[in-house]
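Next comes my_file_5.pdb, with PDB, C-alpha atoms.
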ATOM      1  CA  MET A   1     -58.674  36.689 -38.583
ATOM      2  CA  ALA A   2     -61.070  33.863 -37.840
ATOM      3  CA  ASP A   3     -58.571  31.372 -39.217
ATOM      4  CA  GLU A   4     -55.781  32.818 -37.095
ATOM      5  CA  GLU A   5     -57.745  32.351 -33.917
ATOM      6  CA  LYS A   6     -59.135  28.943 -34.685
ATOM      7  CA  PRO A   7     -57.850  26.669 -31.935
ATOM      8  CA  LYS A   8     -56.121  23.436 -32.760
ATOM      9  CA  ILE A   9     -57.352  20.625 -30.548
ATOM     10  CA  ILE A  10     -54.758  18.044 -29.677
ATOM     11  CA  THR A  11     -55.316  14.762 -27.901
ATOM     12  CA  PRO A  12     -52.105  13.980 -26.081
ATOM     13  CA  PRO A  13     -50.521  10.583 -26.056
ATOM     14  CA  ASN A  14     -51.859   9.341 -22.754
ATOM     15  CA  THR A  15     -49.248   7.120 -21.239
ATOM     16  CA  LEU A  16     -50.400   8.099 -17.804
ATOM     17  CA  LYS A  17     -53.628   6.191 -17.541
ATOM     18  CA  SER A  18     -52.047   2.992 -18.765
ATOM     19  CA  LYS A  19     -49.929   3.019 -15.624
ATOM     20  CA  VAL A  20     -52.845   3.686 -13.337
ATOM     21  CA  LYS A  21     -54.140   0.354 -12.304
ATOM     22  CA  THR A  22     -57.473   0.176 -10.612
ATOM     23  CA  GLY A  23     -57.652  -2.146  -7.673
ATOM     24  CA  GLY A  24     -54.975  -4.771  -7.085
ATOM     25  CA  PRO A  25     -52.612  -5.213  -4.182
ATOM     26  CA  GLY A  26     -50.935  -1.829  -4.575
ATOM     27  CA  ALA A  27     -54.095   0.206  -4.907
ATOM     28  CA  VAL A  28     -54.535   3.272  -2.765
ATOM     29  CA  ASP A  29     -57.358   2.394  -0.474
ATOM     30  CA  GLU A  30     -58.609   3.764   2.786
ATOM     31  CA  ALA A  31     -55.876   1.911   4.651
ATOM     32  CA  ALA A  32     -53.157   3.596   2.570
ATOM     33  CA  LEU A  33     -54.822   6.906   3.146
ATOM     34  CA  GLU A  34     -54.883   6.281   6.860
ATOM     35  CA  ARG A  35     -51.186   5.418   6.740
ATOM     36  CA  ALA A  36     -50.518   8.675   4.948
ATOM     37  CA  GLU A  37     -52.494  10.608   7.546
ATOM     38  CA  ALA A  38     -50.487   8.810  10.228
ATOM     39  CA  VAL A  39     -47.276   9.886   8.505
ATOM     40  CA  ILE A  40     -48.426  13.502   8.656
ATOM     41  CA  GLU A  41     -49.312  13.044  12.300
ATOM     42  CA  GLY A  42     -45.824  11.674  12.829
ATOM     43  CA  LEU A  43     -44.370  14.828  11.313
ATOM     44  CA  THR A  44     -46.061  17.051  13.877
ATOM     45  CA  GLY A  45     -42.905  17.143  15.991
ATOM     46  CA  SER A  46     -40.947  18.310  12.967
ATOM     47  CA  TYR A  47     -43.636  20.858  12.178
ATOM     48  CA  LEU A  48     -43.320  22.350  15.643
ATOM     49  CA  GLU A  49     -39.578  22.795  14.998
ATOM     50  CA  TRP A  50     -40.205  24.238  11.548
ATOM     51  CA  VAL A  51     -42.804  26.663  12.783
ATOM     52  CA  GLN A  52     -40.508  27.864  15.555
ATOM     53  CA  ASP A  53     -37.987  28.716  12.845
ATOM     54  CA  ASP A  54     -40.710  30.477  10.878
ATOM     55  CA  LEU A  55     -41.753  32.453  13.940
ATOM     56  CA  LYS A  56     -38.162  33.544  14.530
ATOM     57  CA  LYS A  57     -37.886  34.608  10.900
ATOM     58  CA  LEU A  58     -41.198  36.389  11.184
ATOM     59  CA  GLN A  59     -40.080  38.267  14.272
ATOM     60  CA  ALA A  60     -36.809  39.222  12.559
ATOM     61  CA  ALA A  61     -38.701  40.411   9.479
ATOM     62  CA  PHE A  62     -41.036  42.404  11.706
ATOM     63  CA  ASP A  63     -38.097  43.995  13.524
ATOM     64  CA  GLN A  64     -36.635  44.958  10.162
ATOM     65  CA  PHE A  65     -39.960  46.433   9.138
ATOM     66  CA  VAL A  66     -40.139  48.503  12.307
ATOM     67  CA  ALA A  67     -36.641  49.807  11.625
ATOM     68  CA  ASP A  68     -37.399  50.500   7.978
ATOM     69  CA  ASN A  69     -41.029  50.196   6.950
ATOM     70  CA  ASN A  70     -40.519  49.757   3.233
ATOM     71  CA  ALA A  71     -42.420  47.501   0.852
ATOM     72  CA  GLU A  72     -39.626  44.963   0.662
ATOM     73  CA  ASN A  73     -39.659  44.340   4.395
ATOM     74  CA  LEU A  74     -43.445  44.166   4.379
ATOM     75  CA  ASP A  75     -43.255  41.584   1.607
ATOM     76  CA  LYS A  76     -40.883  39.452   3.692
ATOM     77  CA  ILE A  77     -43.468  39.387   6.453
ATOM     78  CA  PHE A  78     -46.097  38.406   3.888
ATOM     79  CA  GLN A  79     -44.008  35.544   2.520
ATOM     80  CA  ILE A  80     -43.295  34.043   5.919
ATOM     81  CA  SER A  81     -46.879  34.383   7.121
ATOM     82  CA  HIS A  82     -48.021  32.844   3.846
ATOM     83  CA  ASP A  83     -45.867  29.791   4.558
ATOM     84  CA  ILE A  84     -47.202  29.603   8.110
ATOM     85  CA  LYS A  85     -50.731  29.800   6.753
ATOM     86  CA  GLY A  86     -50.044  27.030   4.256
ATOM     87  CA  GLN A  87     -48.621  24.579   6.762
ATOM     88  CA  GLY A  88     -50.570  24.909  10.003
ATOM     89  CA  GLY A  89     -53.750  23.181   8.901
ATOM     90  CA  SER A  90     -51.883  20.188   7.521
ATOM     91  CA  PHE A  91     -50.672  19.376  11.013
ATOM     92  CA  GLY A  92     -53.864  20.141  12.876
ATOM     93  CA  TYR A  93     -52.990  23.742  13.757
ATOM     94  CA  LYS A  94     -55.872  25.339  11.910
ATOM     95  CA  LEU A  95     -55.641  28.496  13.948
ATOM     96  CA  MET A  96     -52.125  29.058  12.589
ATOM     97  CA  THR A  97     -53.618  28.874   9.119
ATOM     98  CA  ALA A  98     -56.447  31.211  10.095
ATOM     99  CA  VAL A  99     -54.207  33.842  11.731
ATOM    100  CA  GLY A 100     -51.578  33.530   9.001
ATOM    101  CA  ASN A 101     -54.376  34.144   6.544
ATOM    102  CA  GLU A 102     -55.560  37.181   8.488
ATOM    103  CA  LEU A 103     -52.051  38.612   8.447
ATOM    104  CA  CYS A 104     -51.686  38.031   4.703
ATOM    105  CA  ARG A 105     -55.039  39.666   4.025
ATOM    106  CA  PHE A 106     -54.173  42.609   6.284
ATOM    107  CA  ILE A 107     -50.910  43.191   4.418
ATOM    108  CA  GLU A 108     -52.639  42.887   1.060
ATOM    109  CA  LYS A 109     -55.192  45.487   2.063
ATOM    110  CA  THR A 110     -52.603  47.867   3.467
ATOM    111  CA  GLU A 111     -52.257  50.713   1.004
ATOM    112  CA  THR A 112     -50.369  53.151   3.202
ATOM    113  CA  VAL A 113     -48.048  52.193   5.993
ATOM    114  CA  THR A 114     -48.894  54.010   9.201
ATOM    115  CA  PRO A 115     -47.650  53.539  12.772
ATOM    116  CA  GLN A 116     -50.767  51.430  13.295
ATOM    117  CA  THR A 117     -49.665  49.041  10.559
ATOM    118  CA  ALA A 118     -46.733  47.848  12.640
ATOM    119  CA  GLU A 119     -48.976  47.523  15.676
ATOM    120  CA  ALA A 120     -51.447  45.334  13.809
ATOM    121  CA  ILE A 121     -48.664  43.126  12.473
ATOM    122  CA  ARG A 122     -47.161  42.847  15.922
ATOM    123  CA  LEU A 123     -50.500  41.608  17.266
ATOM    124  CA  HIS A 124     -50.677  38.939  14.594
ATOM    125  CA  VAL A 125     -47.110  37.813  15.258
ATOM    126  CA  GLU A 126     -47.784  37.625  18.986
ATOM    127  CA  THR A 127     -50.971  35.663  18.379
ATOM    128  CA  LEU A 128     -49.133  33.139  16.233
ATOM    129  CA  LYS A 129     -46.601  32.697  19.018
ATOM    130  CA  ILE A 130     -49.362  32.231  21.567
ATOM    131  CA  ILE A 131     -51.027  29.522  19.477
ATOM    132  CA  ILE A 132     -47.827  27.494  19.349
ATOM    133  CA  GLY A 133     -46.792  28.381  22.884
ATOM    134  CA  ARG A 134     -50.113  27.160  24.270
ATOM    135  CA  ASP A 135     -50.332  24.325  21.768
ATOM    136  CA  LEU A 136     -53.754  25.431  20.552
ATOM    137  CA  LYS A 137     -54.598  22.696  18.085
ATOM    138  CA  GLY A 138     -57.656  22.644  15.860
ATOM    139  CA  ASP A 139     -59.735  25.771  16.196
ATOM    140  CA  GLY A 140     -58.345  26.398  19.679
ATOM    141  CA  GLY A 141     -61.758  26.302  21.314
ATOM    142  CA  LYS A 142     -63.046  29.437  22.998
ATOM    143  CA  GLU A 143     -59.557  30.795  23.484
ATOM    144  CA  GLY A 144     -58.915  30.425  19.778
ATOM    145  CA  GLU A 145     -62.197  32.079  18.925
ATOM    146  CA  ALA A 146     -61.416  35.011  21.210
ATOM    147  CA  LEU A 147     -57.951  35.432  19.702
ATOM    148  CA  LEU A 148     -59.205  35.397  16.142
ATOM    149  CA  VAL A 149     -62.201  37.647  16.671
ATOM    150  CA  GLY A 150     -60.064  40.130  18.600
ATOM    151  CA  LEU A 151     -57.486  40.201  15.853
ATOM    152  CA  GLN A 152     -60.085  40.761  13.169
ATOM    153  CA  GLN A 153     -61.652  43.615  15.070
ATOM    154  CA  VAL A 154     -58.311  45.317  15.569
ATOM    155  CA  SER A 155     -57.324  44.790  11.941
ATOM    156  CA  ASP A 156     -60.643  46.116  10.649
ATOM    157  CA  LYS A 157     -60.400  49.170  12.857
ATOM    158  CA  LEU A 158     -56.854  49.935  11.780
ATOM    159  CA  LEU A 159     -57.674  49.467   8.109
ATOM    160  CA  GLU A 160     -60.674  51.774   8.436
ATOM    161  CA  GLY A 161     -58.692  54.400  10.304
TER
ATOM    162  CA  MET B   1     -62.856   6.844  -3.387
ATOM    163  CA  PRO B   2     -61.738   4.640  -6.296
ATOM    164  CA  GLU B   3     -58.908   2.292  -5.494
ATOM    165  CA  ILE B   4     -56.158   3.502  -7.744
ATOM    166  CA  ASP B   5     -52.588   2.340  -7.856
ATOM    167  CA  ILE B   6     -50.404   5.349  -8.313
ATOM    168  CA  LYS B   7     -47.244   3.509  -7.355
ATOM    169  CA  LYS B   8     -45.736   3.621 -10.787
ATOM    170  CA  GLN B   9     -46.338   7.296 -11.366
ATOM    171  CA  LYS B  10     -43.257   9.461 -11.651
ATOM    172  CA  ILE B  11     -44.069  12.596  -9.773
ATOM    173  CA  LEU B  12     -42.079  15.807  -9.736
ATOM    174  CA  ILE B  13     -42.485  18.104  -6.742
ATOM    175  CA  VAL B  14     -41.523  21.716  -7.394
ATOM    176  CA  GLU B  15     -41.471  23.655  -4.159
ATOM    177  CA  ASP B  16     -38.968  26.072  -2.681
ATOM    178  CA  ASN B  17     -39.940  25.458   0.925
ATOM    179  CA  PRO B  18     -38.093  22.355   2.191
ATOM    180  CA  HIS B  19     -40.769  21.670   4.796
ATOM    181  CA  PHE B  20     -43.525  21.546   2.189
ATOM    182  CA  ARG B  21     -41.352  19.317   0.045
ATOM    183  CA  THR B  22     -40.871  16.951   2.974
ATOM    184  CA  LEU B  23     -44.590  16.949   3.671
ATOM    185  CA  ILE B  24     -45.622  16.233   0.081
ATOM    186  CA  GLN B  25     -42.948  13.621  -0.429
ATOM    187  CA  SER B  26     -43.861  11.877   2.830
ATOM    188  CA  ILE B  27     -47.518  11.717   1.832
ATOM    189  CA  LEU B  28     -46.729  10.399  -1.634
ATOM    190  CA  GLN B  29     -44.383   7.754  -0.272
ATOM    191  CA  ALA B  30     -46.994   6.668   2.262
ATOM    192  CA  LEU B  31     -49.458   6.346  -0.616
ATOM    193  CA  GLY B  32     -46.972   4.042  -2.329
ATOM    194  CA  VAL B  33     -45.422   6.343  -4.918
ATOM    195  CA  GLU B  34     -41.916   5.062  -5.483
ATOM    196  CA  ASN B  35     -40.450   7.419  -8.044
ATOM    197  CA  ILE B  36     -40.384  11.015  -6.866
ATOM    198  CA  GLU B  37     -38.093  13.854  -7.870
ATOM    199  CA  GLU B  38     -37.826  17.290  -6.384
ATOM    200  CA  ALA B  39     -36.921  20.732  -7.647
ATOM    201  CA  ARG B  40     -36.620  23.991  -5.742
ATOM    202  CA  ASP B  41     -37.934  26.313  -8.423
ATOM    203  CA  GLY B  42     -39.116  26.435 -12.007
ATOM    204  CA  ALA B  43     -35.639  26.641 -13.491
ATOM    205  CA  GLU B  44     -34.501  23.563 -11.596
ATOM    206  CA  ALA B  45     -37.730  21.812 -12.573
ATOM    207  CA  MET B  46     -36.952  22.296 -16.257
ATOM    208  CA  GLU B  47     -33.493  20.851 -15.671
ATOM    209  CA  VAL B  48     -34.907  17.837 -13.839
ATOM    210  CA  LEU B  49     -37.533  17.251 -16.526
ATOM    211  CA  ARG B  50     -34.845  16.939 -19.179
ATOM    212  CA  GLY B  51     -33.695  13.728 -17.531
ATOM    213  CA  TYR B  52     -36.872  12.610 -15.785
ATOM    214  CA  ASP B  53     -39.898  11.440 -17.707
ATOM    215  CA  ALA B  54     -42.429  12.706 -15.180
ATOM    216  CA  ASP B  55     -46.061  11.622 -15.345
ATOM    217  CA  LEU B  56     -47.249  14.450 -13.151
ATOM    218  CA  ALA B  57     -45.872  17.656 -11.671
ATOM    219  CA  ILE B  58     -47.000  19.220  -8.434
ATOM    220  CA  LEU B  59     -45.898  22.843  -8.459
ATOM    221  CA  ASP B  60     -45.980  25.515  -5.855
ATOM    222  CA  TRP B  61     -47.198  28.879  -7.058
ATOM    223  CA  LYS B  62     -45.029  31.291  -5.162
ATOM    224  CA  MET B  63     -41.361  30.407  -5.212
ATOM    225  CA  ASP B  64     -38.108  32.254  -5.009
ATOM    226  CA  GLY B  65     -36.442  32.153  -8.402
ATOM    227  CA  VAL B  66     -38.639  31.008 -11.276
ATOM    228  CA  ASP B  67     -42.149  30.783  -9.813
ATOM    229  CA  GLY B  68     -44.887  28.271 -10.549
ATOM    230  CA  ILE B  69     -46.707  30.273 -13.206
ATOM    231  CA  GLU B  70     -43.549  30.900 -15.180
ATOM    232  CA  CYS B  71     -42.609  27.251 -14.840
ATOM    233  CA  VAL B  72     -45.987  26.199 -16.276
ATOM    234  CA  ARG B  73     -45.484  28.612 -19.170
ATOM    235  CA  ARG B  74     -42.064  27.105 -19.882
ATOM    236  CA  ILE B  75     -43.357  23.537 -19.717
ATOM    237  CA  ARG B  76     -46.221  24.375 -22.090
ATOM    238  CA  ASN B  77     -44.499  26.750 -24.476
ATOM    239  CA  ASP B  78     -40.744  26.275 -24.577
ATOM    240  CA  THR B  79     -39.700  24.759 -27.863
ATOM    241  CA  GLU B  80     -37.314  22.529 -25.936
ATOM    242  CA  SER B  81     -39.841  21.539 -23.288
ATOM    243  CA  PRO B  82     -39.482  17.801 -22.598
ATOM    244  CA  ASN B  83     -43.234  17.278 -22.284
ATOM    245  CA  ARG B  84     -45.698  20.031 -23.156
ATOM    246  CA  PHE B  85     -48.580  17.764 -22.158
ATOM    247  CA  LEU B  86     -47.295  17.134 -18.650
ATOM    248  CA  PRO B  87     -50.245  17.130 -16.231
ATOM    249  CA  ILE B  88     -49.697  19.889 -13.692
ATOM    250  CA  ILE B  89     -51.310  20.422 -10.313
ATOM    251  CA  MET B  90     -50.621  23.837  -8.857
ATOM    252  CA  LEU B  91     -50.375  24.257  -5.113
ATOM    253  CA  THR B  92     -51.619  27.580  -3.954
ATOM    254  CA  GLY B  93     -52.692  29.588  -0.996
ATOM    255  CA  TYR B  94     -53.918  32.248  -3.397
ATOM    256  CA  THR B  95     -57.499  31.929  -4.503
ATOM    257  CA  GLU B  96     -58.252  35.336  -5.961
ATOM    258  CA  GLU B  97     -60.102  34.876  -9.225
ATOM    259  CA  SER B  98     -57.598  36.938 -11.216
ATOM    260  CA  LEU B  99     -54.717  34.811  -9.976
ATOM    261  CA  MET B 100     -56.587  31.595 -10.657
ATOM    262  CA  ASN B 101     -57.245  32.822 -14.189
ATOM    263  CA  GLU B 102     -53.587  33.640 -14.602
ATOM    264  CA  ALA B 103     -52.705  30.064 -13.673
ATOM    265  CA  ARG B 104     -55.396  28.671 -15.972
ATOM    266  CA  ASN B 105     -54.122  30.815 -18.791
ATOM    267  CA  ALA B 106     -50.614  29.560 -18.183
ATOM    268  CA  GLY B 107     -51.934  26.011 -18.674
ATOM    269  CA  VAL B 108     -52.340  24.276 -15.305
ATOM    270  CA  ASN B 109     -54.560  21.210 -15.231
ATOM    271  CA  ASP B 110     -55.747  21.571 -11.673
ATOM    272  CA  PHE B 111     -55.292  23.364  -8.367
ATOM    273  CA  LEU B 112     -54.729  22.220  -4.836
ATOM    274  CA  GLY B 113     -55.176  24.697  -2.028
ATOM    275  CA  LYS B 114     -52.894  24.820   0.982
ATOM    276  CA  PRO B 115     -52.934  23.562   3.624
ATOM    277  CA  ILE B 116     -53.006  20.113   2.121
ATOM    278  CA  SER B 117     -53.986  16.790   3.615
ATOM    279  CA  ALA B 118     -53.283  13.263   2.438
ATOM    280  CA  LYS B 119     -56.855  13.027   1.233
ATOM    281  CA  SER B 120     -56.881  16.357  -0.604
ATOM    282  CA  LEU B 121     -53.601  15.543  -2.348
ATOM    283  CA  LEU B 122     -54.703  12.046  -3.339
ATOM    284  CA  THR B 123     -58.104  13.289  -4.484
ATOM    285  CA  ARG B 124     -56.526  15.878  -6.724
ATOM    286  CA  ILE B 125     -53.983  13.443  -8.177
ATOM    287  CA  ILE B 126     -56.714  10.940  -8.956
ATOM    288  CA  SER B 127     -58.806  13.698 -10.484
ATOM    289  CA  VAL B 128     -55.992  14.583 -12.871
ATOM    290  CA  LEU B 129     -55.153  10.962 -13.632
ATOM    291  CA  ASP B 130     -58.789  10.190 -14.345
ATOM    292  CA  GLN B 131     -59.455  13.036 -16.746
ATOM    293  CA  GLU B 132     -58.922  12.790 -20.466
ATOM    294  CA  PHE B 133     -57.531  16.236 -21.146
ATOM    295  CA  SER B 134     -57.715  17.675 -24.614
ATOM    296  CA  TYR B 135     -55.086  20.275 -25.304
ATOM    297  CA  VAL B 136     -55.575  23.414 -27.291
ATOM    298  CA  GLU B 137     -53.080  25.342 -29.315
ATOM    299  CA  THR B 138     -53.730  28.883 -30.438
ATOM    300  CA  GLU B 139     -51.377  31.728 -31.190
ATOM    301  CA  THR B 140     -51.451  32.802 -27.591
ATOM    302  CA  TYR B 141     -52.139  29.639 -25.615
ATOM    303  CA  PHE B 142     -51.099  26.065 -25.314
ATOM    304  CA  GLY B 143     -52.534  23.917 -22.588
ATOM    305  CA  PRO B 144     -55.580  22.011 -21.397
ATOM    306  CA  ASP B 145     -58.819  22.930 -23.139
ATOM    307  CA  ARG B 146     -60.142  25.633 -20.838
ATOM    308  CA  ARG B 147     -63.604  25.454 -22.321
ATOM    309  CA  ARG B 148     -63.997  21.914 -21.073
ATOM    310  CA  GLN B 149     -61.936  22.139 -17.941
ATOM    311  CA  GLN B 150     -63.966  21.504 -14.885
ATOM    312  CA  PHE B 151     -61.897  22.729 -12.017
ATOM    313  CA  PRO B 152     -63.101  21.188  -8.816
ATOM    314  CA  HIS B 153     -64.734  23.690  -6.577
ATOM    315  CA  GLN B 154     -62.086  25.232  -4.384
ATOM    316  CA  GLY B 155     -64.707  25.869  -1.771
ATOM    317  CA  ASN B 156     -62.813  24.602   1.210
ATOM    318  CA  ASP B 157     -59.660  26.481   0.447
ATOM    319  CA  ARG B 158     -61.263  29.584  -0.932
ATOM    320  CA  ARG B 159     -63.315  29.975   2.159
ATOM    321  CA  LYS B 160     -60.258  29.452   4.256
ATOM    322  CA  GLU B 161     -58.700  32.404   2.489
ATOM    323  CA  GLN B 162     -61.370  34.638   3.898
ATOM    324  CA  MET B 163     -62.244  32.832   6.999
ATOM    325  CA  ASN B 164     -63.119  34.270  10.259
ATOM    326  CA  PHE B 165     -63.848  31.930  13.081
ATOM    327  CA  VAL B 166     -67.392  31.227  11.987
ATOM    328  CA  LYS B 167     -66.221  30.431   8.489
ATOM    329  CA  LEU B 168     -63.612  28.139   9.934
ATOM    330  CA  LYS B 169     -66.358  26.135  11.587
ATOM    331  CA  VAL B 170     -68.312  26.001   8.357
ATOM    332  CA  TYR B 171     -65.195  24.841   6.570
ATOM    333  CA  GLU B 172     -64.665  22.044   9.027
ATOM    334  CA  ARG B 173     -68.229  20.872   8.580
ATOM    335  CA  MET B 174     -67.860  20.975   4.816
ATOM    336  CA  GLU B 175     -64.604  19.078   4.973
ATOM    337  CA  SER B 176     -66.029  16.348   7.113
ATOM    338  CA  ARG B 177     -69.003  16.081   4.792
ATOM    339  CA  VAL B 178     -66.810  15.898   1.690
ATOM    340  CA  GLY B 179     -64.352  13.599   3.415
TER
END
In structure tokens, what does this structure look like?
Amino acid sequence: MADEEKPKIITPPNTLKSKVKTGGPGAVDEAALERAEAVIEGLTGSYLEWVQDDLKKLQAAFDQFVADNNAENLDKIFQISHDIKGQGGSFGYKLMTAVGNELCRFIEKTETVTPQTAEAIRLHVETLKIIIGRDLKGDGGKEGEALLVGLQQVSDKLLEG
Amino acid sequence: MPEIDIKKQKILIVEDNPHFRTLIQSILQALGVENIEEARDGAEAMEVLRGYDADLAILDWKMDGVDGIECVRRIRNDTESPNRFLPIIMLTGYTEESLMNEARNAGVNDFLGKPISAKSLLTRIISVLDQEFSYVETETYFGPDRRRQQFPHQGNDRRKEQMNFVKLKVYERMESRVG
């Protein structure tokens, strides 16, 4: 038994490091990093188009869920909000990430779908729309704080109830 | 940050969301990476890898079709896998311990939490390029030596998973300190 479980350690042929030059004219330095950050900044306009698409999909998924509140429709909402969560922060919309995260966590914690489930999801969807509609970048300041705290309180209450 | 030339690296992006693909590719190109391929899921990734000698794969976790975990398993375990030693960075918004363990047990080299930034992506790539991974083969596992793997603390992203507004502020402070 001991022999069977004895791990075999293998050192891979490392062709990777030989290609990784340190320093030199093509090295990634702070300037390259700044260029990359600028490229992301330049994609913000595209992000705002993408996220509008996501919000439309999210609304459609929510409407489907209201019509038929099965697990499949709930999962669609989760997937879209998960994408929204994953993208927002990259483009400076950290509140989108935060609210998307709240929605994902709410869905994960939902064991039984009740009429309040749809209401909580609706609030999250509306909040996401508000963030983009009002262009609340970063943490959104006091308005962002109020939105997020309010959402969490509602979600907690609905999950408890 | 060390000045590293990653220009010559062949990097495969496996991501089903076209917007994420655009974002990652744009960052890599801005960092000077010239040879990038894309795949929309794990099955397509395996196809691409048959004709593309990738140095590194950046995989999303959750994908329609063959997802990231299954793709890692195929890269590590398929008898016809083009490169079982391929360094793999897994992109994830999931940071639950059980899911992280699942990815580790599938054989990922490292994680990168979403949302990503140019700095977080570059830092993770350099981390993988800089490490001398030993691989382990047992009856049930093939992949990086998990006993010696030092996954970077996912603090920023893990906290983001659970963040309320106060945690968001803490995260920002941490990020600026790390950055």
Around all of stretch 129-143 of chain B's listed atoms, make the axis-aligned box with 8 Å on each side and tell me centre and edge lengths in Å to one decimal, as lines of an AutoDock Vina configuration file.
center_x = -55.3
center_y = 21.5
center_z = -22.4
size_x = 24.4
size_y = 38.6
size_z = 33.6
Using all atoms listed in the file, I'd like every residue of chain B that has an atom within 6 Å of chain A; please write them out as a PDB file with C-alpha atoms, in the coordinates of the input.
ATOM      1  CA  GLU B   3     -58.908   2.292  -5.494  1.00  0.00           C
ATOM      2  CA  ILE B   4     -56.158   3.502  -7.744  1.00  0.00           C
ATOM      3  CA  ASP B   5     -52.588   2.340  -7.856  1.00  0.00           C
ATOM      4  CA  ILE B   6     -50.404   5.349  -8.313  1.00  0.00           C
ATOM      5  CA  ILE B  27     -47.518  11.717   1.832  1.00  0.00           C
ATOM      6  CA  ALA B  30     -46.994   6.668   2.262  1.00  0.00           C
ATOM      7  CA  LEU B  31     -49.458   6.346  -0.616  1.00  0.00           C
ATOM      8  CA  LYS B 114     -52.894  24.820   0.982  1.00  0.00           C
ATOM      9  CA  PRO B 115     -52.934  23.562   3.624  1.00  0.00           C
ATOM     10  CA  ILE B 116     -53.006  20.113   2.121  1.00  0.00           C
ATOM     11  CA  SER B 117     -53.986  16.790   3.615  1.00  0.00           C
ATOM     12  CA  ALA B 118     -53.283  13.263   2.438  1.00  0.00           C
ATOM     13  CA  SER B 134     -57.715  17.675 -24.614  1.00  0.00           C
ATOM     14  CA  TYR B 135     -55.086  20.275 -25.304  1.00  0.00           C
ATOM     15  CA  VAL B 136     -55.575  23.414 -27.291  1.00  0.00           C
ATOM     16  CA  GLU B 137     -53.080  25.342 -29.315  1.00  0.00           C
ATOM     17  CA  THR B 138     -53.730  28.883 -30.438  1.00  0.00           C
TER      18      THR B 138
END
Enter the distance from atom CA of A:Asp68 to atom CA of A:Ile132, in Å, rounded to one decimal.
->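 Straight-line distance from atom CA of A:Asp68 to atom CA of A:Ile132 works out to 27.7 Å.
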Name all residues at most 6 Å from B:Ile89 (count only C-alpha atoms; drop same-chain ones fewer than 5 positions away) and give them as a PyMOL selection string.
-> chain B and resi 58+109-111
For atom CA of B:Val14 and atom CA of A:Asp53, the interatomic separation in Å (one decimal) =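 Value for the atom CA of B:Val14-atom CA of A:Asp53 distance: 21.7 Å.
When only C-alpha atoms are used to measure the gap to B:Lys62, the shortest distance among B:Asp16, B:Asp130, B:Glu44, B:Asp145 belongs to B:Asp16.
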Just how far from atom CA of B:Met63 is atom CA of B:Glu15, in Å to one decimal?
->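 One can read the atom CA of B:Glu15 to atom CA of B:Met63 distance as 6.8 Å.
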Would you please work out which residue, of B:Asp55, B:Glu97, B:Glu80, B:Glu132, is nearest to B:Glu37 when using all atoms listed in the file?
->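 Going through B:Asp55, B:Glu97, B:Glu80, B:Glu132 one by one, the smallest distance to B:Glu37 is for B:Asp55.
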Applied to this file, what does the PyMOL selection byres ((chain B and resi 9) around 7) return in terms of residues, put as a VMD selection string?
-> chain B and resid 6 to 8 10 to 11 33 35 55
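Non-sequential neighbours of A:Leu74 (distance at most 9 Å, separation of 4 or more positions within a chain, only C-alpha atoms) are Ala61, Phe62, Gln64, Phe65, Asn69, Asn70, Phe78, Gln79 and Ile107 of chain A.
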Output the residue selection produced by the PyMOL selection byres ((chain B and resi 108) around 12) on the file above, formatted as a ChimeraX atom specification.
-> /B:56-61,68-76,84-92,100-107,109-112,128,133,135,141-146,149-151
Counting all atoms listed in the file, the residue of B:Ser81, B:Ala39, B:Gln25, B:His19 that sits nearest B:Leu121 |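 That would be B:Gln25, the residue with the smallest distance to B:Leu121.
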A:Ala60 environment, 12 Å, all atoms listed in the file, sequence neighbours closer than 3 positions dropped, as a count of residues only = 17
